[in-house]
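Engineer: File run_18.txt below, compact mmCIF, C-alpha atoms and all ligand atoms:
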# COMPACT_ATOMS: atom_id res chain seq x y z
CA MET I 974 9.91 25.78 54.58
CA GLY I 975 10.49 22.81 56.81
CA PHE I 976 7.67 21.01 58.48
CA ILE I 977 7.39 21.43 62.19
CA SER I 978 4.96 19.85 64.58
CA ARG I 979 1.82 21.73 65.49
CA ARG I 980 2.91 21.93 69.11
CA LYS I 981 6.22 23.42 68.09
CA PHE I 982 4.49 25.80 65.71
CA LEU I 983 2.15 27.02 68.38
CA ASN I 984 4.89 27.30 70.94
CA HIS I 985 6.86 29.45 68.55
CA SER I 986 3.92 31.33 67.20
CA GLY I 987 3.13 32.81 70.59
CA ALA I 988 3.58 36.50 71.12
CA LEU I 989 -0.11 36.34 71.80
CA SER I 990 -1.95 34.76 74.61
CA VAL I 991 -5.30 33.26 75.31
CA MET I 992 -7.50 33.18 78.35
CA LEU I 993 -9.07 29.78 78.65
CA GLY I 994 -12.47 29.75 80.22
CA ALA I 995 -12.84 26.08 81.09
CA GLY I 996 -15.10 25.67 84.05
CA GLY I 997 -15.13 29.38 84.58
CA SER I 998 -11.58 29.36 85.92
CA GLY I 999 -9.45 31.26 83.47
CA LEU I 1000 -6.03 29.88 82.67
CA LEU I 1001 -3.77 32.47 81.16
CA VAL I 1002 -1.14 31.10 78.82
CA ALA I 1003 1.32 33.70 77.65
CA GLN I 1004 3.77 33.24 74.82
CA SER I 1005 6.86 35.20 73.94
CA GLN I 1006 8.40 35.34 70.48
CA PRO I 1007 6.52 35.60 67.19
CA THR I 1008 7.01 32.92 64.60
CA ALA I 1009 9.39 33.77 61.81
CA PRO I 1010 7.85 33.02 58.39
CA ASN I 1011 10.25 30.14 57.76
CA GLN I 1012 9.06 28.51 60.97
CA MET I 1013 5.37 28.57 60.07
CA ALA I 1014 3.75 25.21 59.50
CA ARG I 1015 1.77 26.81 56.68
CA LYS I 1016 0.57 30.17 55.53
CA LEU I 1017 -2.90 30.99 56.77
CA LYS I 1018 -5.60 33.21 55.30
CA LEU I 1019 -7.46 35.38 57.77
CA MET I 1020 -10.71 37.04 56.72
CA VAL I 1021 -12.41 39.75 58.76
CA ALA I 1022 -15.99 40.52 57.79
CA GLY I 1023 -17.55 43.84 58.78
CA GLY I 1024 -20.65 45.83 57.98
CA HIS I 1025 -18.78 48.96 56.89
CA PRO I 1026 -15.30 50.12 56.02
CA GLY I 1027 -13.64 50.58 59.40
CA ASP I 1028 -15.44 47.87 61.37
CA PRO I 1029 -12.75 45.20 60.84
CA GLU I 1030 -10.02 47.73 61.59
CA TYR I 1031 -11.60 48.99 64.81
CA GLY I 1032 -12.53 45.53 66.08
CA CYS I 1033 -9.58 43.49 64.86
CA GLY I 1034 -6.89 45.82 63.48
CA GLY I 1035 -4.32 44.72 66.02
CA THR I 1036 -5.01 41.04 65.39
CA VAL I 1037 -4.77 41.59 61.63
CA ALA I 1038 -1.39 43.25 62.09
CA ARG I 1039 -0.22 40.33 64.19
CA TYR I 1040 -1.22 37.85 61.49
CA THR I 1041 0.36 39.76 58.62
CA ASP I 1042 3.53 40.39 60.63
CA LEU I 1043 3.82 36.62 60.92
CA GLY I 1044 3.62 36.32 57.12
CA HIS I 1045 0.00 35.25 56.93
CA GLU I 1046 -2.52 36.66 54.45
CA ALA I 1047 -5.38 38.92 55.55
CA VAL I 1048 -8.52 40.03 53.73
CA LEU I 1049 -10.90 42.67 55.09
CA LEU I 1050 -14.34 41.97 53.69
CA TYR I 1051 -16.78 44.89 53.86
CA LEU I 1052 -20.49 44.30 53.36
CA ASN I 1053 -20.87 47.71 51.72
CA ASP I 1054 -18.71 50.60 50.54
CA GLY I 1055 -19.83 52.96 53.30
CA GLU I 1056 -21.74 55.30 51.04
CA PRO I 1057 -25.47 55.27 51.79
CA ALA I 1058 -27.88 55.53 48.89
CA ASN I 1059 -30.45 58.31 49.06
CA SER I 1060 -29.66 59.24 52.64
CA GLY I 1061 -30.80 62.80 52.05
CA LYS I 1062 -27.51 64.07 53.50
CA PRO I 1063 -24.72 65.57 51.42
CA PRO I 1064 -21.85 63.10 50.92
CA LYS I 1065 -18.72 63.71 53.01
CA GLY I 1066 -16.46 63.24 50.00
CA PRO I 1067 -16.26 62.43 46.29
CA LYS I 1068 -17.65 59.15 44.94
CA GLY I 1069 -15.56 56.27 46.21
CA PHE I 1070 -13.89 58.16 49.02
CA ARG I 1071 -14.79 55.51 51.60
CA ILE I 1072 -13.28 52.84 49.38
CA ALA I 1073 -10.10 54.91 49.16
CA GLU I 1074 -10.01 55.18 52.95
CA ALA I 1075 -10.44 51.41 53.26
CA LYS I 1076 -7.61 50.78 50.81
CA LYS I 1077 -5.33 53.04 52.81
CA ALA I 1078 -6.27 51.26 56.05
CA CYS I 1079 -5.61 47.88 54.46
CA GLU I 1080 -2.20 49.03 53.23
CA ILE I 1081 -1.26 49.95 56.79
CA LEU I 1082 -2.30 46.49 58.02
CA LYS I 1083 -0.81 44.68 54.97
CA ALA I 1084 -4.29 43.35 54.17
CA ARG I 1085 -6.41 43.22 51.02
CA PRO I 1086 -9.80 44.98 50.85
CA LEU I 1087 -12.82 43.17 49.43
CA PHE I 1088 -16.39 44.44 49.06
CA ALA I 1089 -19.53 42.31 49.15
CA GLY I 1090 -21.55 44.82 47.12
CA GLN I 1091 -24.42 45.70 49.46
CA THR I 1092 -25.60 49.24 50.28
CA ASP I 1093 -24.84 51.14 53.49
CA GLY I 1094 -27.89 51.29 55.71
CA ALA I 1095 -29.89 48.94 53.52
CA ALA I 1096 -28.48 45.50 54.24
CA VAL I 1097 -30.44 42.58 52.87
CA VAL I 1098 -30.39 39.13 54.43
CA ASP I 1099 -32.37 36.69 52.33
CA ASN I 1100 -31.70 33.46 50.48
CA ALA I 1101 -30.20 35.18 47.44
CA HIS I 1102 -27.84 37.28 49.55
CA TYR I 1103 -26.90 34.31 51.72
CA ALA I 1104 -25.90 32.49 48.52
CA ALA I 1105 -23.96 35.45 47.13
CA PHE I 1106 -22.06 35.97 50.36
CA ARG I 1107 -21.34 32.27 50.73
CA LYS I 1108 -19.84 32.26 47.23
CA ILE I 1109 -17.38 34.99 48.26
CA ILE I 1110 -16.25 32.98 51.27
CA GLU I 1111 -16.13 29.75 49.29
CA ASP I 1112 -13.93 31.35 46.63
CA GLU I 1113 -11.57 32.89 49.17
CA ARG I 1114 -11.16 29.70 51.21
CA PRO I 1115 -10.17 31.30 54.53
CA ASP I 1116 -8.58 29.39 57.39
CA VAL I 1117 -10.02 31.84 59.92
CA LEU I 1118 -13.12 34.04 59.66
CA LEU I 1119 -13.83 36.82 62.15
CA THR I 1120 -17.19 38.55 62.03
CA GLN I 1121 -19.24 40.98 64.07
CA TRP I 1122 -21.22 39.79 67.09
CA PRO I 1123 -24.92 39.63 66.21
CA VAL I 1124 -26.30 41.57 69.18
CA ASP I 1125 -25.60 45.04 67.82
CA ASN I 1126 -27.47 48.29 67.46
CA HIS I 1127 -26.63 48.69 63.76
CA PRO I 1128 -28.62 46.60 61.27
CA ASP I 1129 -25.65 46.32 58.87
CA HIS I 1130 -23.59 44.75 61.67
CA ARG I 1131 -26.34 42.27 62.44
CA ALA I 1132 -26.56 41.48 58.74
CA ILE I 1133 -22.86 40.71 58.27
CA SER I 1134 -22.98 38.51 61.36
CA MET I 1135 -25.85 36.44 59.96
CA LEU I 1136 -24.32 36.23 56.47
CA ALA I 1137 -20.95 35.11 57.80
CA TYR I 1138 -22.46 32.59 60.19
CA ASP I 1139 -24.60 31.08 57.46
CA ALA I 1140 -21.57 30.77 55.17
CA TRP I 1141 -19.56 29.06 57.90
CA LEU I 1142 -22.38 26.61 58.63
CA ARG I 1143 -23.12 25.76 55.02
CA LEU I 1144 -19.47 25.38 54.13
CA GLY I 1145 -19.19 22.65 56.75
CA LYS I 1146 -17.66 24.54 59.72
CA LYS I 1147 -14.27 23.71 58.27
CA PHE I 1148 -12.45 26.88 59.22
CA ALA I 1149 -12.09 28.73 62.49
CA PHE I 1150 -14.93 31.12 63.30
CA TYR I 1151 -14.88 33.92 65.85
CA TYR I 1152 -16.97 36.96 66.71
CA TYR I 1153 -15.53 40.40 67.46
CA GLU I 1154 -16.82 43.60 69.09
CA VAL I 1155 -16.99 47.20 67.87
CA SER I 1156 -17.86 50.42 69.73
CA ASP I 1157 -19.36 48.63 72.71
CA GLY I 1158 -22.45 50.32 74.05
CA GLU I 1159 -22.98 52.25 70.82
CA ASP I 1160 -22.95 49.14 68.63
CA THR I 1161 -21.94 45.80 70.18
CA LEU I 1162 -23.80 44.68 73.30
CA MET I 1163 -23.77 41.58 75.54
CA PHE I 1164 -20.29 40.48 74.49
CA SER I 1165 -18.53 38.05 76.84
CA PRO I 1166 -15.15 37.10 75.34
CA THR I 1167 -13.60 33.66 75.36
CA GLU I 1168 -10.27 34.62 73.74
CA TYR I 1169 -7.93 37.58 73.83
CA VAL I 1170 -5.17 38.78 71.54
CA ASP I 1171 -2.44 41.03 72.90
CA ILE I 1172 -2.23 44.05 70.60
CA THR I 1173 0.08 46.18 72.72
CA ALA I 1174 2.99 46.00 70.26
CA VAL I 1175 0.88 46.89 67.22
CA GLU I 1176 -1.51 49.42 68.72
CA GLU I 1177 0.04 52.32 66.80
CA ARG I 1178 -0.61 50.58 63.48
CA LYS I 1179 -4.15 49.77 64.47
CA ARG I 1180 -4.64 53.40 65.38
CA ALA I 1181 -3.24 54.53 62.01
CA ALA I 1182 -5.53 52.12 60.16
CA CYS I 1183 -8.56 53.41 62.04
CA TYR I 1184 -7.55 57.01 61.42
CA ALA I 1185 -7.28 56.21 57.71
CA HIS I 1186 -11.07 56.36 57.89
CA ALA I 1187 -10.74 60.10 58.36
CA SER I 1188 -14.34 60.86 57.42
CA GLN I 1189 -15.70 58.70 60.23
CA SER I 1190 -14.93 60.79 63.33
CA PRO I 1191 -11.90 58.78 64.44
CA ASP I 1192 -11.25 61.09 67.40
CA LYS I 1193 -14.57 59.95 68.85
CA PHE I 1194 -14.71 56.33 67.77
CA TYR I 1195 -11.05 55.40 68.14
CA ASP I 1196 -11.07 56.76 71.66
CA LEU I 1197 -14.05 54.55 72.46
CA GLN I 1198 -12.43 51.48 70.89
CA ARG I 1199 -9.13 52.17 72.63
CA ARG I 1200 -10.92 52.17 75.96
CA VAL I 1201 -12.47 48.83 75.06
CA ALA I 1202 -8.98 47.50 74.21
CA VAL I 1203 -7.60 48.76 77.53
CA PHE I 1204 -10.45 47.06 79.39
CA ARG I 1205 -9.89 43.80 77.50
CA GLY I 1206 -6.22 44.19 78.34
CA LEU I 1207 -7.10 44.42 82.03
CA GLU I 1208 -9.12 41.23 81.72
CA SER I 1209 -6.29 39.34 80.00
CA ALA I 1210 -3.20 40.87 81.68
CA HIS I 1211 -1.99 42.96 78.77
CA ARG I 1212 -1.81 46.69 78.18
CA GLN I 1213 -4.27 46.42 75.30
CA ALA I 1214 -6.09 43.44 73.86
CA GLU I 1215 -8.74 42.54 71.31
CA ALA I 1216 -11.34 40.06 72.44
CA TYR I 1217 -13.22 37.32 70.65
CA ILE I 1218 -15.91 34.73 71.14
CA ARG I 1219 -15.08 31.42 69.53
CA HIS I 1220 -18.01 29.43 68.25
CA PRO I 1221 -17.90 26.26 70.36
CA GLN I 1222 -18.02 24.08 67.24
CA SER I 1223 -15.21 25.99 65.53
CA PRO I 1224 -11.69 24.67 65.12
CA HIS I 1225 -9.56 26.76 67.41
CA GLU I 1226 -6.04 25.84 66.51
CA LEU I 1227 -5.65 28.39 63.76
CA LEU I 1228 -5.69 31.59 65.76
CA PRO I 1229 -2.06 32.36 66.56
CA ALA I 1230 -3.14 33.31 70.06
CA ASP I 1231 -4.16 29.79 70.73
CA SER I 1232 -1.71 27.77 72.74
CA ARG I 1233 -3.96 25.14 74.21
CA VAL I 1234 -2.13 22.16 72.76
ZN ZN G 1301 -20.19 49.73 61.09
Spit out the file's structure as structure tokens when you get a sec.

Structural biologist:
Amino acid sequence: MGFISRRKFLNHSGALSVMLGAGGSGLLVAQSQPTAPNQMARKLKLMVAGGHPGDPEYGCGGTVARYTDLGHEAVLLYLNDGEPANSGKPPKGPKGFRIAEAKKACEILKARPLFAGQTDGAAVVDNAHYAAFRKIIEDERPDVLLTQWPVDNHPDHRAISMLAYDAWLRLGKKFAFYYYEVSDGEDTLMFSPTEYVDITAVEERKRAACYAHASQSPDKFYDLQRRVAVFRGLESAHRQAEAYIRHPQSPHELLPADSRV
């Protein structure tokens, strides 16, 4: 793999685009062809943290597909395995069925599933769990971490947001850090994106990955997320897009969408 300059890498890595919000006047920079693996400056590791199996796929499945299509590595990190303890309701499947759904979804996106070991509906955010979560991130050494936006109606989503943010801070803000949205109105609220990724070309794979979570009413929730993606596409001049908020102190050069330099 020959070395190429960062500018050249980014120019070639396009296929995505980014809306720049400087001064409130958006500058849309569109790119064309994806980077072939032998043109990449280096292989990146993308991690997407979510409260439950399905959250990373619904919020970022298209972006994950774009990364892995470019030859990068992707890990979907779930706070819990989606099976609530003592919910009082009969389980929707045999033990481990949500893990099996997550594995299938990850196969579709060419990603690797990883579980942080907490319990669905009973997320804990305290010093011990901050430390345990940080260790996972430290061991994985991501170049980019995407996590759920903290203003959210589900406590597990708020928990993963806090755990991921704490890990990013305490590990020195060395990797890129973005927030994503899921099921706006039902879950995510008050989300004003700073970046957009065009997912038009990979929407079918995102859909398949979301439908791999067959026990989770995909007809209802995928339809909602698709409408969010269409709206974000309208904002960013694509048919469908996924939207992100970059932490202002985060490096931004690692998201393939980014073409600011
Ligand atoms: Zn969730």

Engineer: Which residue, I:Gly1094, I:Gly1145, I:Gly1044, I:Gly1027, has the smallest gap to Pro1057 in chain I when you use only C-alpha atoms?

Structural biologist: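 Of I:Gly1094, I:Gly1145, I:Gly1044, I:Gly1027, the one nearest Pro1057 in chain I is I:Gly1094, counting only C-alpha atoms.
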
Engineer: 12 Å from ligand ZN 1301 (chain G) is the threshold here; counting all atoms listed in the file, which polymer residues fall inside it? Answer as a PyMOL selection string.

Structural biologist: chain I and resi 1022-1032+1051-1056+1093-1094+1096+1120-1122+1125-1134+1154-1157+1159-1161+1186+1189+1194

Engineer: Could you work out how far CA of Leu1197 in chain I lies from CA of Arg1180 in chain I, giving the answer in Å with one decimal?

Structural biologist: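 Between these atoms lies a distance of 11.8 Å.
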
Engineer: When you look at Lys1077 in chain I with a cut-off of 9 Å (counting all atoms listed in the file), what residues show up, excluding the ones that are within fewer than 3 positions of it in the same chain? I need them as an MDAnalysis selection string.

Structural biologist: chainID I and resid 1072:1074 1080:1082 1182 1185:1186

Engineer: Would you please work out which residue, of I:Arg1219, I:Arg1200, I:His1045, I:Lys1147, is nearest to Glu1111 in chain I when using only C-alpha atoms?

Structural biologist: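 Of all the options, I:Lys1147 lies closest to Glu1111 in chain I.
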
Engineer: Tell me which of I:Ala1089, I:Val1117, I:Val1175, I:Val1170 sits closest to Asp1042 in chain I, counting all atoms listed in the file.

Structural biologist: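 Of I:Ala1089, I:Val1117, I:Val1175, I:Val1170, the one nearest Asp1042 in chain I, counting all atoms listed in the file, is I:Val1175.
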
Engineer: Identify which of the residues I:Pro1123, I:Gly1035, I:Pro1064, I:Pro1224 lies closest to Asp1171 in chain I, counting all atoms listed in the file when measuring atom-to-atom distances.

Structural biologist: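 Closest residue, counting all atoms listed in the file: I:Gly1035.
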
Engineer: Measure the distance from CA of Lys1018 in chain I to CA of Leu1043 in chain I in Å and round it to one decimal.

Structural biologist: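 CA of Leu1043 in chain I lies 11.5 Å from CA of Lys1018 in chain I.
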
Engineer: My list of candidates is I:Pro1191, I:Gly1061, I:Pro1166, I:Pro1086. Which is closest to Glu1046 in chain I when distances are computed with only C-alpha atoms?

Structural biologist: I:Pro1086

Engineer: Counting only C-alpha atoms, which residue out of I:Tyr1184, I:Tyr1169, I:Tyr1040, I:Phe1088 sits closest to Ala1105 in chain I?

Structural biologist: I:Phe1088

Engineer: Using CA of Val1048 in chain I and CA of Val1021 in chain I as the two end points, give the distance in Å to one decimal.

Structural biologist: 6.4 Å
